[in-house]
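S.K.: Supplied in structure tokens, the structure appears directly below.
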Amino acid sequence: MDWNDSAEQQAFRQQVRSFIEAKVPERYRRDTNGHPSAFDWMEDRKSDDPEARRISKEWVATLGEKGWVAPQWPKEYGGAGLSPIEQFIYKMEMTLAEVPQGLPAGVAMLGPTLIIHGTEEQKQQHIPKILTGEVVWAQGYSEPEAGSDLAALKTRATRDGDEYVINGQKIWTSGGHYADWLFALVRTDPEAPKHRGVTFLLMDITTPGISIRPLVNMADEHHFNETFFENVRVPVSNRVGEENRGWYVGMTLLDFERSNITGAIAAKREITRLIDFSKGAGAGKTRLHDVASVRDEVASRYIESEVMYNFSLRIISIQSSGMVPNYEASVSKLFGSELTQKVANTGVKACGLYGNLWDEDDERSAMRAGFTRAYVRSVSATIAGGTSEIQRGVIATRGLGLPRG
Ligand SMILES: Cc1cc2nc3c(=O)[nH]c(=O)nc-3n(C[C@H](O)[C@H](O)[C@H](O)COP(=O)(O)OP(=O)(O)OC[C@H]3O[C@@H](n4cnc5c(N)ncnc54)[C@H](O)[C@@H]3O)c2cc1C
């Protein structure tokens with residue numbers, strides 16, 4: 001395998017770099033200690049500050065000119081039609097530059113699903129607004145009693161003429177408070193086997209009867225929510241696919257960017273940042289100089305970030321040969337999310353007592369408390385998007401061919 005860019009890939013990489021250099025608004029650039037957040041531009045979208053709203057809108061429009069709001073979508077739908085390796089390069093450069101990359105649910109999940117299963121009207125109504133950032137989507141799948149076993153979902157939709165009437169509750173709705181629309185799996189036939197009585201619905205989040213209540217995470221941040229439905233009326237025309245066949249629609253939410261290159265780049269970047277800090281301004285605030293076991297850990301994390309990079313390349317090479325990664329995606333998710341936690345853990349340990357300071361602006365904190373915050377934030381990494389136990393189950397059965405437990 002040739003690890004180097006071909007001439008075309010090198011040219012594309014340069015194109016992305018020049019774009020970043022010239023076009024990323026100052027507001028979304030990070031200093032060397034910055035904390036990127038995929039939510040930045042979405043927060044800005046609904047900010048009270050008109051300037052923030054303007055910058056957010058212009059940034060999405062700038063990306064849109066190149067089809068880079070949805071680089072993985074086909075060109076006919078407003079994407080850039082990038083090949084897997086080009087997507088990889090694009091994502092890699094954006095992550096290296098720490099450019100916030102928002103729009104996750106609409107671009108990564110709903111858009112590709114509508115392209116495959118949506119009616120012409122649904123495509124025309126929703127796809128352009130995803131690309132302009134006019135409408136942001138949230139995902140209503142999980143429920144208090146349905147997470148890993150998603151098919152146990154109970155939120156009930158009862159048909160009443162041309163409408164469904166929905167009652168129930170979703171949980172962990174990421175970005176629900178920024179979103180304009182929600183896609184959800186609901187139960188339309190409680191008698192059917194659990195995968196068969198499920199329907200996929202689209203709803204305007206302002207529909208009467210929908211209430212979004214904040215869940216504040218252990219980092220004291222508001223990213224996800226509980227979503228309640230009380231006699232919510234949704235037109236039958238908002239159904240994607242057939243009634244009771246929504247499970248199969250819902251499972252189409254193909255994540256085209258499955259390589260987790262973002263995780264590989266971020267892990268290496270944070271470790272490199274720690275090493276640089278220990279050699280410079282942070283010489284007195286890290287234990288890398290005098291504790292061999294900490295140095296050893298840092299070296300291990302660096303090596304693991306290289307391993308993660310290679311897992312990412314493997315996924316890309318599978319996609320490039322026209323195949324869909326299966327258990328390999330689970331390996332990448334498992335290794336990447338655990339690495340994220342380990343990097344944060346090592347960083348806190350390396351900063352010793354300074355690693356306990358939470359306040360980013362406290363001059364005594366190390367690296368603006370980046371590792372401390374990452375330590376707390378990264379707890380969810382091994383839960384979101386399928387827990388580590390579920391990934392291990394997939395690797396055991398599909399990858400290793402072990403019997404089901
Ligand atoms: C940051 C974050 C954002 C999220 N965003 C969204 C969102 O936007 N929309 C949405 O719908 N959901 C979202 N989720 C929910 C996420 O999909 C679920 O948390 C996840 O699927 C796990 O489900 P659960 O929390 O109900 O845990 P459970 O399924 O109850 O699991 C509890 C424990 O049991 C283990 N376990 C369960 N089943 C098995 C098994 N078969 N074998 C071995 N171990 C098992 C799990 O690994 C876990 O340790 C988000 C979660 C997080 C943390």
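Ordered as shown in the structure tokens, chains take letters A, B, and onward, while each chain numbers its residues from 1 and ligands are numbered from 1 in the order shown.
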Where does chain A meet ligand 1 within 7 Å, residue by residue, with the nearest atom pair and distance in Å to one decimal for each, counting only C-alpha atoms and all ligand atoms, listed by chain and rising number, as a tab-separated table?
M.R.:
residue	atom	partner	partner_atom_place_in_ligand_line	distance
A:Ala138	CA	ligand 1	8 (O)	6.1
A:Gln139	CA	ligand 1	9 (N)	4.4
A:Gly140	CA	ligand 1	11 (O)	4.4
A:Tyr141	CA	ligand 1	11 (O)	3.4
A:Ser142	CA	ligand 1	11 (O)	3.7
A:Glu143	CA	ligand 1	26 (O)	6.9
A:Pro144	CA	ligand 1	26 (O)	6.2
A:Glu145	CA	ligand 1	26 (O)	6.3
A:Ala146	CA	ligand 1	26 (O)	5.4
A:Gly147	CA	ligand 1	23 (O)	3.2
A:Ser148	CA	ligand 1	29 (O)	3.6
A:Asp149	CA	ligand 1	29 (O)	5.9
A:Lys170	CA	ligand 1	11 (O)	6.9
A:Ile171	CA	ligand 1	12 (N)	6.4
A:Trp172	CA	ligand 1	13 (C)	4.6
A:Thr173	CA	ligand 1	8 (O)	4.0
A:Ser174	CA	ligand 1	8 (O)	3.7
A:Gly175	CA	ligand 1	8 (O)	6.9
A:Phe224	CA	ligand 1	3 (C)	6.5
A:Ser380	CA	ligand 1	53 (C)	4.4
A:Ala381	CA	ligand 1	53 (C)	6.6
A:Ile383	CA	ligand 1	53 (C)	4.8
A:Ala384	CA	ligand 1	52 (C)	3.8
A:Gly385	CA	ligand 1	17 (O)	4.9
A:Gly386	CA	ligand 1	21 (O)	4.6
A:Thr387	CA	ligand 1	47 (O)	4.7
A:Ser388	CA	ligand 1	47 (O)	6.0
A:Glu389	CA	ligand 1	47 (O)	4.4
A:Ile390	CA	ligand 1	42 (N)	5.5
A:Gly393	CA	ligand 1	42 (N)	6.5
S.K.: Excluding segment 331-348 of chain A and its own-chain neighbours fewer than 2 positions away, which residues fall within 8 Å of it when counting only C-alpha atoms? Please give them as a PyMOL selection string.
M.R.: chain A and resi 259-260+263-264+267+270-271+274+294+297-298+301+304-305+308+311-312+327-329+350-352+355-356+371-372+374-375+378-379+381-382+388+391-392+395
S.K.: Could the residues in this selection be written to a file with N, CA and C atoms, as an mmCIF file, in the first residue's frame?
M.R.:
data_model
loop_
_atom_site.group_PDB
_atom_site.id
_atom_site.type_symbol
_atom_site.label_atom_id
_atom_site.label_comp_id
_atom_site.auth_asym_id
_atom_site.auth_seq_id
_atom_site.Cartn_x
_atom_site.Cartn_y
_atom_site.Cartn_z
ATOM 1 N N SER A 259 -14.581 6.679 9.151
ATOM 2 C CA SER A 259 -13.189 6.338 9.389
ATOM 3 C C SER A 259 -12.699 6.824 10.745
ATOM 4 N N ASN A 260 -13.406 7.820 11.309
ATOM 5 C CA ASN A 260 -12.981 8.427 12.567
ATOM 6 C C ASN A 260 -11.601 9.058 12.456
ATOM 7 N N GLY A 263 -10.918 11.571 15.118
ATOM 8 C CA GLY A 263 -10.403 11.075 16.400
ATOM 9 C C GLY A 263 -8.898 10.867 16.353
ATOM 10 N N ALA A 264 -8.411 10.307 15.242
ATOM 11 C CA ALA A 264 -6.971 10.042 15.117
ATOM 12 C C ALA A 264 -6.180 11.343 15.130
ATOM 13 N N ALA A 267 -6.337 13.110 18.621
ATOM 14 C CA ALA A 267 -5.519 12.455 19.649
ATOM 15 C C ALA A 267 -4.045 12.858 19.479
ATOM 16 N N GLU A 270 -3.437 16.562 20.400
ATOM 17 C CA GLU A 270 -3.428 16.880 21.834
ATOM 18 C C GLU A 270 -2.151 16.386 22.502
ATOM 19 N N ILE A 271 -1.679 15.223 22.091
ATOM 20 C CA ILE A 271 -0.440 14.699 22.676
ATOM 21 C C ILE A 271 0.747 15.586 22.276
ATOM 22 N N LEU A 274 0.739 18.681 24.256
ATOM 23 C CA LEU A 274 1.230 18.450 25.630
ATOM 24 C C LEU A 274 2.763 18.426 25.646
ATOM 25 N N VAL A 294 5.099 8.727 33.472
ATOM 26 C CA VAL A 294 4.244 9.659 32.725
ATOM 27 C C VAL A 294 4.775 9.796 31.293
ATOM 28 N N GLU A 297 3.697 6.866 29.395
ATOM 29 C CA GLU A 297 2.274 6.935 28.991
ATOM 30 C C GLU A 297 2.090 7.834 27.778
ATOM 31 N N VAL A 298 2.785 8.970 27.798
ATOM 32 C CA VAL A 298 2.660 9.911 26.678
ATOM 33 C C VAL A 298 3.124 9.229 25.386
ATOM 34 N N ARG A 301 0.465 6.876 24.172
ATOM 35 C CA ARG A 301 -0.670 7.565 23.523
ATOM 36 C C ARG A 301 -0.285 7.991 22.106
ATOM 37 N N GLU A 304 -0.448 4.994 19.971
ATOM 38 C CA GLU A 304 -1.851 4.616 19.744
ATOM 39 C C GLU A 304 -2.531 5.554 18.741
ATOM 40 N N SER A 305 -2.116 6.836 18.758
ATOM 41 C CA SER A 305 -2.740 7.749 17.787
ATOM 42 C C SER A 305 -2.314 7.363 16.362
ATOM 43 N N MET A 308 -4.462 4.438 15.464
ATOM 44 C CA MET A 308 -5.806 4.916 15.112
ATOM 45 C C MET A 308 -5.822 5.465 13.696
ATOM 46 N N PHE A 311 -6.042 2.590 11.433
ATOM 47 C CA PHE A 311 -7.403 2.041 11.380
ATOM 48 C C PHE A 311 -8.256 2.881 10.436
ATOM 49 N N SER A 312 -8.084 4.199 10.544
ATOM 50 C CA SER A 312 -8.871 5.112 9.701
ATOM 51 C C SER A 312 -8.565 4.862 8.227
ATOM 52 N N TYR A 327 -17.564 -4.774 10.758
ATOM 53 C CA TYR A 327 -16.982 -4.807 12.098
ATOM 54 C C TYR A 327 -15.765 -3.878 12.181
ATOM 55 N N GLU A 328 -15.183 -3.566 11.020
ATOM 56 C CA GLU A 328 -14.024 -2.659 11.016
ATOM 57 C C GLU A 328 -14.414 -1.288 11.571
ATOM 58 N N ALA A 329 -15.664 -0.867 11.266
ATOM 59 C CA ALA A 329 -16.127 0.428 11.791
ATOM 60 C C ALA A 329 -16.250 0.350 13.312
ATOM 61 N N ALA A 350 -0.328 14.092 33.489
ATOM 62 C CA ALA A 350 0.939 14.776 33.178
ATOM 63 C C ALA A 350 0.989 16.177 33.778
ATOM 64 N N CYS A 351 -0.183 16.777 33.963
ATOM 65 C CA CYS A 351 -0.202 18.142 34.510
ATOM 66 C C CYS A 351 -0.239 18.134 36.036
ATOM 67 N N GLY A 352 -0.222 16.975 36.633
ATOM 68 C CA GLY A 352 -0.168 16.894 38.096
ATOM 69 C C GLY A 352 -1.302 17.664 38.738
ATOM 70 N N GLY A 355 -3.543 19.904 36.800
ATOM 71 C CA GLY A 355 -4.572 19.218 36.011
ATOM 72 C C GLY A 355 -5.932 19.213 36.682
ATOM 73 N N ASN A 356 -6.010 19.675 37.926
ATOM 74 C CA ASN A 356 -7.307 19.716 38.606
ATOM 75 C C ASN A 356 -8.049 21.024 38.377
ATOM 76 N N PHE A 371 -7.116 19.596 29.154
ATOM 77 C CA PHE A 371 -7.182 18.161 29.471
ATOM 78 C C PHE A 371 -8.197 17.886 30.576
ATOM 79 N N THR A 372 -8.279 18.801 31.534
ATOM 80 C CA THR A 372 -9.237 18.610 32.632
ATOM 81 C C THR A 372 -10.646 18.523 32.057
ATOM 82 N N ALA A 374 -11.429 17.936 28.893
ATOM 83 C CA ALA A 374 -11.559 16.772 28.006
ATOM 84 C C ALA A 374 -11.794 15.495 28.814
ATOM 85 N N TYR A 375 -11.189 15.426 29.979
ATOM 86 C CA TYR A 375 -11.337 14.241 30.847
ATOM 87 C C TYR A 375 -12.818 14.039 31.186
ATOM 88 N N SER A 378 -15.063 13.564 27.817
ATOM 89 C CA SER A 378 -14.875 12.350 27.015
ATOM 90 C C SER A 378 -15.523 11.111 27.632
ATOM 91 N N VAL A 379 -16.095 11.257 28.817
ATOM 92 C CA VAL A 379 -16.766 10.092 29.431
ATOM 93 C C VAL A 379 -17.838 9.552 28.482
ATOM 94 N N ALA A 381 -17.864 9.479 25.325
ATOM 95 C CA ALA A 381 -17.387 8.985 24.023
ATOM 96 C C ALA A 381 -17.630 7.483 23.848
ATOM 97 N N THR A 382 -17.549 6.737 24.945
ATOM 98 C CA THR A 382 -17.727 5.282 24.832
ATOM 99 C C THR A 382 -19.193 4.862 24.995
ATOM 100 N N SER A 388 -19.179 0.818 24.019
ATOM 101 C CA SER A 388 -18.023 -0.053 23.757
ATOM 102 C C SER A 388 -18.415 -1.527 23.856
ATOM 103 N N GLN A 391 -19.973 -2.504 20.648
ATOM 104 C CA GLN A 391 -18.943 -2.634 19.595
ATOM 105 C C GLN A 391 -18.180 -3.951 19.768
ATOM 106 N N ARG A 392 -17.870 -4.287 21.012
ATOM 107 C CA ARG A 392 -17.136 -5.548 21.236
ATOM 108 C C ARG A 392 -17.983 -6.744 20.815
ATOM 109 N N ILE A 395 -17.711 -7.000 17.082
ATOM 110 C CA ILE A 395 -16.399 -7.530 16.681
ATOM 111 C C ILE A 395 -16.345 -9.035 16.959
#
S.K.: Could you tell me, as a PyMOL selection string, which residues of segment 147-280 of chain A DSSP assigns to strand (DSSP E or B) when given the backbone?
M.R.: chain A and resi 156-160+163-171+181-187+198-204+210-216+222-235+239-240+245
S.K.: Excluding Ile205 of chain A and its own-chain neighbours fewer than 3 positions away, which residues fall within 7 Å of it when counting only C-alpha atoms? Please give them as a list in words.
M.R.: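 Once the adjacent positions are removed, what remains is Asp180, Trp181, Leu182 and Ile210 of chain A.
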S.K.: Given the choices A:Met92, A:Val107, A:Ile85, A:Leu185, which gets closest to Gly322 of chain A if the distance is worked out from only C-alpha atoms?
M.R.: A:Ile85
S.K.: Write out as a VMD selection string each polymer residue whose atoms come within 10 Å of Lys23 of chain A, counting only C-alpha atoms; drop sequence neighbours fewer than 4 positions from it.
M.R.: chain A and resid 17 to 19 59 62 to 63
S.K.: Using DSSP on the backbone, list every residue of segment 97-294 of chain A that comes out as helix (DSSP H, G or I), and give them as a PyMOL selection string.
M.R.: chain A and resi 104-117+120-131+150-152+236-238+246-250+261-279+283-285+292-294
S.K.: Would you output that residue set with C-alpha atoms, as a compact mmCIF listing (two decimals), in the first residue's frame?
M.R.:
# COMPACT_ATOMS: atom_id res chain seq x y z
CA PRO A 104 -24.11 16.54 11.91
CA ALA A 105 -27.62 15.12 12.03
CA GLY A 106 -28.92 16.75 8.85
CA VAL A 107 -25.86 16.10 6.73
CA ALA A 108 -24.61 12.80 8.11
CA MET A 109 -27.91 11.12 8.84
CA LEU A 110 -31.13 12.59 7.51
CA GLY A 111 -29.92 13.79 4.11
CA PRO A 112 -28.52 10.42 2.96
CA THR A 113 -31.67 8.72 4.27
CA LEU A 114 -33.98 11.04 2.33
CA ILE A 115 -31.87 10.60 -0.80
CA ILE A 116 -32.55 6.86 -0.60
CA HIS A 117 -36.04 6.62 0.93
CA GLU A 120 -39.62 13.79 -4.33
CA GLU A 121 -41.60 16.32 -2.26
CA GLN A 122 -39.68 15.43 0.89
CA LYS A 123 -36.37 15.81 -0.90
CA GLN A 124 -37.38 19.16 -2.37
CA GLN A 125 -38.68 20.44 0.93
CA HIS A 126 -35.80 19.40 3.17
CA ILE A 127 -32.54 18.87 1.28
CA PRO A 128 -31.89 22.49 0.18
CA LYS A 129 -32.51 23.77 3.69
CA ILE A 130 -30.01 21.33 5.18
CA LEU A 131 -27.40 22.63 2.76
CA LEU A 150 -33.28 0.64 20.28
CA ALA A 151 -36.04 -1.58 18.93
CA ALA A 152 -37.59 -1.54 22.45
CA VAL A 236 -48.87 11.37 7.32
CA SER A 237 -46.98 13.02 4.44
CA ASN A 238 -44.06 13.49 6.90
CA GLY A 246 -39.35 2.56 9.60
CA TRP A 247 -36.73 0.39 11.25
CA TYR A 248 -35.15 -0.28 7.89
CA VAL A 249 -35.33 3.41 6.97
CA GLY A 250 -33.81 4.34 10.31
CA ILE A 261 -10.05 10.31 11.12
CA THR A 262 -11.15 13.20 13.32
CA GLY A 263 -10.40 11.07 16.40
CA ALA A 264 -6.97 10.04 15.12
CA ILE A 265 -5.95 13.59 14.27
CA ALA A 266 -7.31 15.06 17.49
CA ALA A 267 -5.52 12.46 19.65
CA LYS A 268 -2.17 13.12 18.01
CA ARG A 269 -2.68 16.86 18.09
CA GLU A 270 -3.43 16.88 21.83
CA ILE A 271 -0.44 14.70 22.68
CA THR A 272 1.84 16.86 20.54
CA ARG A 273 0.45 19.94 22.22
CA LEU A 274 1.23 18.45 25.63
CA ILE A 275 4.80 17.65 24.60
CA ASP A 276 5.32 21.19 23.25
CA PHE A 277 3.83 22.66 26.42
CA SER A 278 6.15 20.64 28.62
CA LYS A 279 9.15 21.91 26.65
CA ALA A 283 7.88 23.20 31.90
CA GLY A 284 7.01 23.82 35.53
CA LYS A 285 3.45 22.61 35.18
CA ALA A 292 9.37 8.31 33.81
CA SER A 293 6.02 6.52 33.98
CA VAL A 294 4.24 9.66 32.72
S.K.: Using atom CA of Arg373 of chain A and atom CA of Trp358 of chain A as the two end points, give the distance in Å to one decimal.
M.R.: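 Computing it gives 6.8 Å between the two atoms.
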